[in-house]
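Participant: File data18.cif below, mmCIF, C-alpha atoms and all ligand atoms:
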data_entry
loop_
_atom_site.label_atom_id
_atom_site.label_comp_id
_atom_site.auth_asym_id
_atom_site.auth_seq_id
_atom_site.Cartn_x
_atom_site.Cartn_y
_atom_site.Cartn_z
CA MET A 1 88.29 87.01 140.02
CA THR A 2 91.91 86.06 140.42
CA ALA A 3 94.62 88.63 139.75
CA LEU A 4 95.83 89.14 136.20
CA ARG A 5 99.02 87.35 135.37
CA THR A 6 101.89 89.66 134.48
CA PHE A 7 105.48 89.49 133.23
CA TYR A 8 107.98 87.22 134.95
CA PRO A 9 110.84 89.24 136.51
CA GLU A 10 113.50 90.80 134.30
CA ILE A 11 116.16 88.28 133.45
CA GLU A 12 119.54 88.24 131.70
CA PRO A 13 120.38 85.64 129.06
CA TYR A 14 122.53 82.72 130.19
CA ALA A 15 124.11 82.66 126.71
CA SER A 16 124.09 84.85 123.59
CA GLY A 17 125.91 85.22 120.30
CA HIS A 18 125.65 85.79 116.58
CA LEU A 19 124.90 83.05 114.07
CA ASP A 20 126.21 83.44 110.52
CA VAL A 21 123.16 82.46 108.46
CA GLY A 22 124.79 83.14 105.08
CA ASP A 23 123.91 85.80 102.48
CA GLY A 24 126.03 88.26 104.51
CA HIS A 25 123.64 88.16 107.48
CA ALA A 26 124.56 87.48 111.11
CA VAL A 27 121.65 86.93 113.46
CA TYR A 28 121.86 87.88 117.16
CA TRP A 29 120.41 85.23 119.48
CA GLU A 30 120.10 84.78 123.21
CA ARG A 31 118.93 82.05 125.54
CA VAL A 32 116.96 82.62 128.70
CA GLY A 33 115.69 80.34 131.45
CA THR A 34 116.92 76.91 132.50
CA PRO A 35 119.24 75.02 130.14
CA GLY A 36 117.64 71.72 129.19
CA ALA A 37 114.11 72.74 130.28
CA LYS A 38 111.20 72.82 127.82
CA PRO A 39 112.41 74.47 124.59
CA ALA A 40 110.66 77.50 123.11
CA VAL A 41 111.41 80.16 120.51
CA PHE A 42 110.15 83.76 120.67
CA LEU A 43 109.35 85.53 117.38
CA HIS A 44 109.20 89.33 117.59
CA GLY A 45 106.97 91.66 115.60
CA GLY A 46 107.33 94.23 112.87
CA PRO A 47 108.96 92.72 110.89
CA GLY A 48 111.95 94.79 111.91
CA GLY A 49 110.78 95.40 115.50
CA GLY A 50 113.69 93.62 117.16
CA LEU A 51 113.83 92.25 120.69
CA ALA A 52 112.93 94.12 123.87
CA PRO A 53 113.89 92.99 127.40
CA SER A 54 110.23 92.25 128.24
CA HIS A 55 110.15 89.59 125.53
CA ARG A 56 112.22 87.41 127.87
CA CYS A 57 109.54 87.60 130.52
CA VAL A 58 106.59 85.71 129.04
CA PHE A 59 107.91 82.29 130.06
CA ASP A 60 108.52 80.78 133.50
CA PRO A 61 112.36 80.74 133.55
CA ALA A 62 112.38 77.71 135.84
CA ARG A 63 110.42 75.62 133.36
CA TYR A 64 111.50 76.91 129.95
CA ASP A 65 114.69 77.17 127.92
CA VAL A 66 113.84 80.01 125.51
CA LEU A 67 115.71 81.16 122.43
CA LEU A 68 115.05 84.73 121.29
CA PHE A 69 116.61 86.36 118.24
CA ASP A 70 116.67 89.63 116.32
CA GLN A 71 115.36 88.85 112.83
CA ARG A 72 117.53 89.75 109.83
CA GLY A 73 118.45 93.43 109.63
CA CYS A 74 117.16 94.59 113.01
CA GLY A 75 118.21 94.87 116.65
CA ARG A 76 121.73 93.52 117.07
CA SER A 77 121.63 91.52 113.83
CA THR A 78 123.75 92.73 110.91
CA PRO A 79 123.80 94.29 108.34
CA PHE A 80 121.63 96.90 110.07
CA ALA A 81 118.39 97.61 108.16
CA GLY A 82 119.64 95.35 105.34
CA LEU A 83 116.95 94.34 102.86
CA ALA A 84 118.91 91.99 100.58
CA HIS A 85 118.23 88.31 101.24
CA ASN A 86 115.62 89.30 103.76
CA THR A 87 112.32 87.46 103.17
CA THR A 88 109.81 85.43 105.15
CA TRP A 89 111.37 82.23 103.86
CA ASP A 90 114.88 83.36 104.78
CA LEU A 91 113.58 83.87 108.34
CA VAL A 92 111.88 80.45 108.35
CA GLY A 93 115.27 78.99 107.37
CA ASP A 94 116.95 80.95 110.17
CA ILE A 95 114.52 79.49 112.72
CA GLU A 96 115.57 76.01 111.61
CA ARG A 97 119.28 76.95 111.89
CA LEU A 98 118.67 78.35 115.36
CA ARG A 99 116.77 75.21 116.38
CA GLU A 100 119.82 73.19 115.40
CA LEU A 101 122.06 75.59 117.32
CA ALA A 102 119.83 75.04 120.37
CA GLY A 103 120.17 71.30 119.85
CA VAL A 104 116.45 70.50 120.08
CA ASP A 105 114.14 68.50 117.79
CA LYS A 106 110.96 70.47 118.44
CA TRP A 107 109.92 73.55 120.33
CA LEU A 108 107.05 75.73 121.41
CA VAL A 109 106.68 78.68 119.04
CA PHE A 110 105.47 82.01 120.48
CA GLY A 111 104.71 85.04 118.32
CA GLY A 112 102.52 88.13 118.22
CA SER A 113 101.55 90.29 115.27
CA TRP A 114 104.21 89.77 112.58
CA GLY A 115 105.55 87.16 115.01
CA SER A 116 102.25 85.29 114.51
CA THR A 117 102.68 85.52 110.73
CA LEU A 118 106.16 84.09 110.94
CA ALA A 119 105.06 81.44 113.44
CA LEU A 120 102.30 80.30 111.05
CA ALA A 121 104.67 80.26 108.07
CA TYR A 122 107.21 78.22 110.07
CA ALA A 123 104.68 75.80 111.57
CA GLU A 124 102.95 75.20 108.23
CA ARG A 125 106.32 74.53 106.57
CA HIS A 126 107.78 72.44 109.43
CA PRO A 127 104.84 71.15 111.55
CA GLU A 128 106.93 68.30 112.91
CA ARG A 129 109.20 70.85 114.61
CA VAL A 130 106.47 72.55 116.63
CA THR A 131 105.19 71.25 119.98
CA GLU A 132 102.69 74.09 120.61
CA LEU A 133 101.79 77.48 119.14
CA VAL A 134 100.99 80.55 121.24
CA LEU A 135 99.84 83.36 118.94
CA ARG A 136 98.67 86.93 119.59
CA GLY A 137 97.24 89.69 117.36
CA ILE A 138 96.97 87.53 114.27
CA PHE A 139 98.33 88.98 111.05
CA THR A 140 98.51 87.10 107.74
CA LEU A 141 99.49 89.86 105.26
CA ARG A 142 96.45 89.45 103.05
CA ARG A 143 95.80 92.37 100.73
CA TRP A 144 92.95 93.81 102.81
CA GLU A 145 95.00 93.62 106.04
CA LEU A 146 97.74 95.78 104.49
CA GLN A 147 95.29 98.12 102.77
CA TRP A 148 93.38 98.56 106.03
CA TYR A 149 96.43 99.75 107.96
CA TYR A 150 98.41 101.56 105.26
CA GLN A 151 95.83 102.88 102.77
CA HIS A 152 92.27 103.21 104.03
CA GLY A 153 90.46 101.96 107.11
CA ALA A 154 92.55 102.56 110.22
CA SER A 155 92.90 106.07 108.76
CA LEU A 156 89.24 106.69 109.67
CA LEU A 157 89.85 105.96 113.36
CA PHE A 158 93.00 108.05 113.61
CA PRO A 159 92.52 111.00 111.22
CA ASP A 160 94.89 113.17 113.27
CA LYS A 161 97.70 110.62 113.19
CA TRP A 162 96.92 109.69 109.59
CA GLU A 163 97.51 113.30 108.50
CA ARG A 164 101.07 113.01 109.77
CA PHE A 165 101.51 109.60 108.13
CA ILE A 166 100.64 110.88 104.67
CA ALA A 167 102.42 114.25 105.07
CA PRO A 168 105.76 113.10 103.53
CA ILE A 169 103.96 111.84 100.41
CA PRO A 170 102.73 114.29 97.73
CA GLU A 171 99.07 114.07 96.67
CA SER A 172 100.02 112.64 93.30
CA GLU A 173 101.51 109.51 94.96
CA ARG A 174 98.91 108.88 97.64
CA SER A 175 96.94 106.26 95.72
CA ASN A 176 99.61 103.73 96.76
CA LEU A 177 101.19 104.79 100.04
CA MET A 178 103.22 101.63 100.60
CA ALA A 179 104.91 102.07 97.20
CA ALA A 180 105.43 105.80 97.77
CA TYR A 181 107.06 105.09 101.13
CA ARG A 182 109.19 102.39 99.55
CA ARG A 183 110.77 104.89 97.16
CA ARG A 184 111.75 107.15 100.07
CA LEU A 185 112.85 104.39 102.45
CA VAL A 186 115.37 103.09 99.89
CA SER A 187 116.54 106.57 98.82
CA GLU A 188 120.28 107.22 98.44
CA ASP A 189 119.75 110.28 100.60
CA ARG A 190 119.84 109.53 104.32
CA ALA A 191 117.72 112.56 105.28
CA THR A 192 114.97 111.36 102.93
CA ARG A 193 115.14 107.85 104.36
CA VAL A 194 115.04 109.10 107.95
CA ALA A 195 112.14 111.51 107.37
CA ALA A 196 110.05 108.75 105.83
CA ALA A 197 111.07 106.19 108.47
CA ARG A 198 110.07 108.51 111.30
CA GLU A 199 106.50 109.00 110.07
CA TRP A 200 106.05 105.36 109.02
CA SER A 201 107.13 104.23 112.49
CA ARG A 202 105.28 106.94 114.42
CA TRP A 203 102.00 105.84 112.80
CA GLU A 204 102.41 102.35 114.19
CA GLY A 205 103.84 103.39 117.55
CA GLU A 206 100.81 105.59 118.23
CA THR A 207 98.08 103.23 116.98
CA ILE A 208 98.94 99.88 118.59
CA THR A 209 97.82 100.59 122.15
CA LEU A 210 94.21 101.03 123.23
CA LEU A 211 95.06 104.39 124.83
CA PRO A 212 98.07 106.63 124.16
CA ASP A 213 101.08 105.06 125.91
CA PRO A 214 104.45 106.85 125.71
CA ALA A 215 106.12 103.78 127.19
CA VAL A 216 105.30 102.06 123.89
CA SER A 217 105.39 104.90 121.35
CA ASN A 218 108.63 106.57 122.49
CA ALA A 219 110.76 103.70 121.18
CA PHE A 220 109.46 104.36 117.66
CA TYR A 221 110.85 107.93 117.59
CA ASP A 222 114.46 106.74 117.84
CA GLU A 223 116.09 107.39 114.48
CA ASP A 224 117.95 104.09 114.16
CA TYR A 225 115.05 102.05 115.45
CA ALA A 226 112.68 103.79 113.04
CA LEU A 227 115.00 103.22 110.07
CA ALA A 228 115.25 99.47 110.54
CA PHE A 229 111.60 99.08 111.48
CA ALA A 230 110.20 101.13 108.60
CA ARG A 231 112.54 99.81 105.91
CA ILE A 232 112.06 96.18 106.84
CA GLU A 233 108.28 96.37 107.38
CA ASN A 234 107.74 98.23 104.15
CA HIS A 235 110.00 95.80 102.26
CA TYR A 236 107.99 92.82 103.53
CA PHE A 237 104.64 94.48 102.88
CA VAL A 238 105.29 95.70 99.33
CA HIS A 239 106.20 92.06 98.61
CA ALA A 240 103.11 90.74 100.45
CA GLY A 241 105.48 88.68 102.58
CA TRP A 242 106.38 86.45 99.59
CA LEU A 243 103.14 84.60 100.36
CA ASP A 244 100.28 83.61 98.09
CA GLU A 245 97.15 85.63 98.85
CA GLY A 246 95.53 83.95 101.86
CA GLN A 247 98.20 81.23 102.06
CA LEU A 248 98.56 81.10 105.84
CA ILE A 249 94.81 80.65 106.41
CA ARG A 250 94.51 78.30 103.43
CA ASP A 251 97.19 75.97 104.83
CA ALA A 252 96.03 76.08 108.46
CA ALA A 253 94.90 72.45 108.22
CA ARG A 254 98.59 71.57 108.58
CA LEU A 255 98.40 72.82 112.18
CA ARG A 256 95.64 70.40 113.15
CA ASP A 257 97.77 68.22 115.41
CA ILE A 258 99.58 71.10 117.13
CA PRO A 259 98.05 72.35 120.41
CA GLY A 260 97.50 76.07 119.97
CA VAL A 261 96.19 79.22 121.63
CA ILE A 262 95.07 82.31 119.71
CA VAL A 263 94.89 85.50 121.82
CA GLN A 264 93.29 88.50 120.11
CA GLY A 265 92.51 92.01 121.38
CA ARG A 266 89.04 93.23 120.39
CA TYR A 267 90.31 96.73 119.55
CA ASP A 268 93.50 95.74 117.78
CA ILE A 269 93.72 98.33 115.01
CA ALA A 270 96.95 97.09 113.43
CA CYS A 271 95.67 93.52 113.17
CA PRO A 272 91.86 93.60 113.30
CA PRO A 273 90.09 90.59 114.88
CA GLN A 274 88.71 89.37 111.54
CA THR A 275 92.03 87.69 110.82
CA ALA A 276 92.15 85.88 114.16
CA TRP A 277 88.56 84.83 113.52
CA ASP A 278 89.44 83.51 110.07
CA LEU A 279 92.28 81.52 111.61
CA HIS A 280 89.96 80.21 114.32
CA ARG A 281 87.52 78.99 111.64
CA ALA A 282 90.34 77.36 109.67
CA TRP A 283 91.95 75.83 112.78
CA PRO A 284 89.09 75.19 115.22
CA GLU A 285 91.18 72.82 117.33
CA ALA A 286 93.14 75.77 118.75
CA GLU A 287 91.82 77.61 121.78
CA PHE A 288 90.49 81.01 120.74
CA ILE A 289 90.47 83.89 123.21
CA MET A 290 88.98 87.26 122.26
CA VAL A 291 90.16 89.72 124.89
CA GLU A 292 87.62 92.50 125.39
CA GLY A 293 88.74 96.09 125.79
CA GLN A 294 92.34 95.59 124.63
CA GLY A 295 94.48 96.73 121.73
CA HIS A 296 97.37 95.22 119.84
CA VAL A 297 100.55 95.03 121.90
CA GLN A 298 101.63 92.13 124.08
CA SER A 299 101.97 94.37 127.14
CA GLN A 300 98.23 95.21 127.24
CA PRO A 301 97.26 93.71 130.63
CA GLY A 302 94.45 91.42 129.45
CA ILE A 303 96.46 90.14 126.50
CA LEU A 304 99.52 89.46 128.64
CA HIS A 305 97.41 87.57 131.17
CA HIS A 306 96.22 85.06 128.59
CA LEU A 307 99.64 84.69 126.98
CA ILE A 308 101.30 83.84 130.28
CA GLU A 309 98.48 81.52 131.26
CA ALA A 310 99.10 79.71 127.97
CA THR A 311 102.87 79.36 128.39
CA ASP A 312 102.36 78.25 131.99
CA ARG A 313 99.84 75.65 130.97
CA PHE A 314 102.08 74.28 128.22
CA ALA A 315 105.07 74.23 130.59
CA GLY A 316 103.60 71.05 131.99
CA SER A 317 103.54 69.29 128.59
CA ALA A 318 106.09 66.66 127.77
CA PHE A 319 108.70 67.77 125.25
CA VAL A 320 110.94 64.78 124.53
N1 LIG B 401 103.07 95.41 112.10
C1 LIG B 401 102.51 94.61 113.08
C2 LIG B 401 103.55 94.10 114.03
O1 LIG B 401 104.06 93.04 113.87
C3 LIG B 401 102.17 95.81 111.03
C4 LIG B 401 103.98 94.97 115.08
N2 LIG B 401 103.42 96.06 115.42
N3 LIG B 401 104.14 96.57 116.44
C5 LIG B 401 105.10 95.74 116.72
O2 LIG B 401 105.02 94.73 115.88
C6 LIG B 401 106.14 95.89 117.78
C7 LIG B 401 105.57 96.63 118.96
C8 LIG B 401 106.64 94.56 118.22
C9 LIG B 401 107.31 96.65 117.21
#
I need this file expressed as structure tokens, please.
Ligand code: STX

Facilitator:
Amino acid sequence: MTALRTFYPEIEPYASGHLDVGDGHAVYWERVGTPGAKPAVFLHGGPGGGLAPSHRCVFDPARYDVLLFDQRGCGRSTPFAGLAHNTTWDLVGDIERLRELAGVDKWLVFGGSWGSTLALAYAERHPERVTELVLRGIFTLRRWELQWYYQHGASLLFPDKWERFIAPIPESERSNLMAAYRRRLVSEDRATRVAAAREWSRWEGETITLLPDPAVSNAFYDEDYALAFARIENHYFVHAGWLDEGQLIRDAARLRDIPGVIVQGRYDIACPPQTAWDLHRAWPEAEFIMVEGQGHVQSQPGILHHLIEATDRFAGSAFV
């Protein structure tokens, strides 16, 4: 057995800036790797999760020219935690604007979790712009996926953490927790917003790794991080991502000519394997990798191994 692949070394961007995308939003972007090498775009999770330094390290910097960006309202993008003009289709438009900024015709699209949702939405809308897809922890915002994580299902595996998640919501409102959280996350009162954001974010931070991992969950306790993450996620989820029910699986035939890899952790509680399986059935041409004994996040060793193997393999593909 050969050693597991792991992150490429930490790296600083060779360029960065803000792009005015209209509607009052400015999107922070950065470019990493070798200018003019194979183009790729990295789509982070959440939505509202923002970039982390490790996101730069899933591509060989000698062979890729990667653009990463903080999606509307999070990270270094402004307005912070802004929900107006912040939809899936606004983000798909931003990816096209950023592609033009990068000056490339097509690129590899990499995304995990919500990043996989956005990657599918983008690739199904603009298949001619995508050279390859590398997807992890597949999430398509169908009703049962949201109900599973935020109403009933995952609650049965984490009763201790679930008790904290529902604590800010009175009994009378618990039949629809996403809606109850929405009311608090958009409250005029900052203390109300923060209290709700903390518990919304803590739930996710403590349920996305196979075993408790403070290196992952600690970030979710930060007040500002939690506010953007919770407000933006909840906003997207109460609107079902502005997608028809099942749309991303339904339209997967549009991906047929795009080389793809689907990497899924067996014990991914946030994005259970059924969704990756449904995508695999709808898009059998893509390579499907079920990683045993792993959870949701990209940094789980077995998951990371397959992601980096995929980007390495595609690094050899022609791109012009
Ligand atoms: N949210 C799934 C998702 O996209 C329901 C996601 N979960 N955690 C993350 O993203 C980060 C670790 C990237 C914040």

Participant: Write out as a VMD selection string the residues lying within 9 Å of segment 266-277 of chain A, counting all atoms listed in the file and excluding same-chain residues fewer than 3 positions away.

Facilitator: chain A and resid 113 136 to 140 145 148 to 149 154 157 204 207 to 210 249 262 to 263 280 to 282 288 290 to 297

Participant: Return as a ChimeraX atom specification the residues of protein, DNA or RNA that approach ligand LIG 401 (chain B) to within 6 Å, with all atoms listed in the file taken into account.

Facilitator: /A:44-47,49,113-114,270

Participant: Name the residues in contact with Leu133 of chain A at a cut-off of 12 Å, using only C-alpha atoms, excluding same-chain residues fewer than 2 positions from it; report them as a PyMOL selection string.

Facilitator: chain A and resi 40-43+106-112+115-124+127+129-131+135-136+255-263+283+285-288+307+310-311+314

Participant: Separation of atom CA of Arg164 of chain A and atom CA of His235 of chain A, in Å?

Facilitator: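 One can read the atom CA of Arg164 of chain A to atom CA of His235 of chain A distance as 20.8 Å.
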
Participant: If I take atom CA of Thr6 of chain A and atom CA of Gly205 of chain A, how far is one from the other in Å, to one decimal?

Facilitator: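 Pair atom CA of Thr6 of chain A / atom CA of Gly205 of chain A returns 21.9 Å.
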
Participant: Can you write out as CSV which residues of segment 21-82 of chain A fall within 9 Å of segment 221-230 of chain A, alongside each residue's closest atom pair and its distance in Å to one decimal, counting all atoms listed in the file and ordering rows by chain and ascending residue number?

Facilitator:
residue,atom,partner,partner_atom,distance
A:Gly46,CA,A:Phe229,CA,6.6
A:Pro47,CA,A:Phe229,CA,6.9
A:Gly48,CA,A:Phe229,CA,4.3
A:Gly49,CA,A:Phe229,CA,5.5
A:Gly50,CA,A:Phe229,CA,8.2
A:Gly73,CA,A:Ala228,CA,6.9
A:Cys74,CA,A:Ala228,CA,5.8
A:Gly75,CA,A:Tyr225,CA,7.9
A:Phe80,CA,A:Ala228,CA,6.9
A:Ala81,CA,A:Ala228,CA,4.4
A:Gly82,CA,A:Ala228,CA,8.0

Participant: Tell me which of A:His305, A:Ser187, A:Pro214, A:Glu233 sits closest to Trp200 of chain A, counting all atoms listed in the file.

Facilitator: A:Glu233

Participant: Which residues are close to Val238 of chain A, i.e. within 8 Å by all atoms listed in the file, leaving aside same-chain residues fewer than 6 positions away? Reply as a PDB file with C-alpha atoms, in the coordinates of the input.

Facilitator:
ATOM      1  CA  MET A 178     103.220 101.630 100.600  1.00  0.00           C
ATOM      2  CA  ALA A 179     104.910 102.070  97.200  1.00  0.00           C
ATOM      3  CA  ARG A 182     109.190 102.390  99.550  1.00  0.00           C
TER       4      ARG A 182
END

Participant: Kindly give the distance, in Å, that separates atom CA of Val32 of chain A and atom CA of Ala219 of chain A, rounded to a single decimal.

Facilitator: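 Straight-line distance from atom CA of Val32 of chain A to atom CA of Ala219 of chain A works out to 23.2 Å.
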
Participant: Kindly indicate which residue among A:Ile169, A:Asp105, A:Asp60, A:Gln300 lies nearest to Pro212 of chain A, using all atoms listed in the file for the distances.

Facilitator: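 Smallest separation from Pro212 of chain A among the options: A:Gln300.
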
Participant: Adding 6 Å on each side of the box along x, y and z that holds all listed atoms of segment 264-268 of chain A, could you give its centre and edge lengths in Å to one decimal, as JSON?

Facilitator:
{"center_x": 91.3, "center_y": 92.6, "center_z": 119.6, "size_x": 16.5, "size_y": 20.2, "size_z": 15.6}

Participant: Rank A:Arg190, A:Arg183, A:Arg31, A:Arg76 by their smallest atom-to-atom distance to Leu98 of chain A, using only C-alpha atoms, and report the top residue only.

Facilitator: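 The closest residue to Leu98 of chain A is A:Arg31.
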
Participant: Identify the residues around (99.0, 89.4, 104.1) within a radius of 9 Å, measuring from all atoms listed in the file in the coordinates stated by the file, and give them as a short mmCIF file (atom, residue, chain, number, x, y, z; two decimals) with C-alpha atoms, in the frame of the given file.

Facilitator:
data_model
loop_
_atom_site.label_atom_id
_atom_site.label_comp_id
_atom_site.auth_asym_id
_atom_site.auth_seq_id
_atom_site.Cartn_x
_atom_site.Cartn_y
_atom_site.Cartn_z
CA THR A 117 102.68 85.52 110.73
CA PHE A 139 98.33 88.98 111.05
CA THR A 140 98.51 87.10 107.74
CA LEU A 141 99.49 89.86 105.26
CA ARG A 142 96.45 89.45 103.05
CA ARG A 143 95.80 92.37 100.73
CA TRP A 144 92.95 93.81 102.81
CA GLU A 145 95.00 93.62 106.04
CA LEU A 146 97.74 95.78 104.49
CA PHE A 237 104.64 94.48 102.88
CA ALA A 240 103.11 90.74 100.45
CA GLY A 241 105.48 88.68 102.58
CA LEU A 243 103.14 84.60 100.36
CA ASP A 244 100.28 83.61 98.09
CA GLU A 245 97.15 85.63 98.85
CA GLY A 246 95.53 83.95 101.86
CA GLN A 247 98.20 81.23 102.06
CA LEU A 248 98.56 81.10 105.84
#

Participant: Considering all atoms listed in the file, can you say which of A:Asn234, A:Ser54, A:Trp203, A:Gly33 comes closest to Pro159 of chain A?

Facilitator: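 Counting all atoms listed in the file, the residue closest to Pro159 of chain A is A:Trp203.
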
Participant: Taking into account only C-alpha atoms, which residue in the set A:Glu128, A:Leu304, A:Leu211, A:Ala315 is nearest to Phe7 of chain A?

Facilitator: A:Leu304

Participant: Which residue out of A:Val66, A:Ile289, A:Pro301, A:Ala52 has the minimum interatomic distance to Ser16 of chain A when only C-alpha atoms are used?

Facilitator: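 For Ser16 of chain A, the nearest of the candidates is A:Val66.
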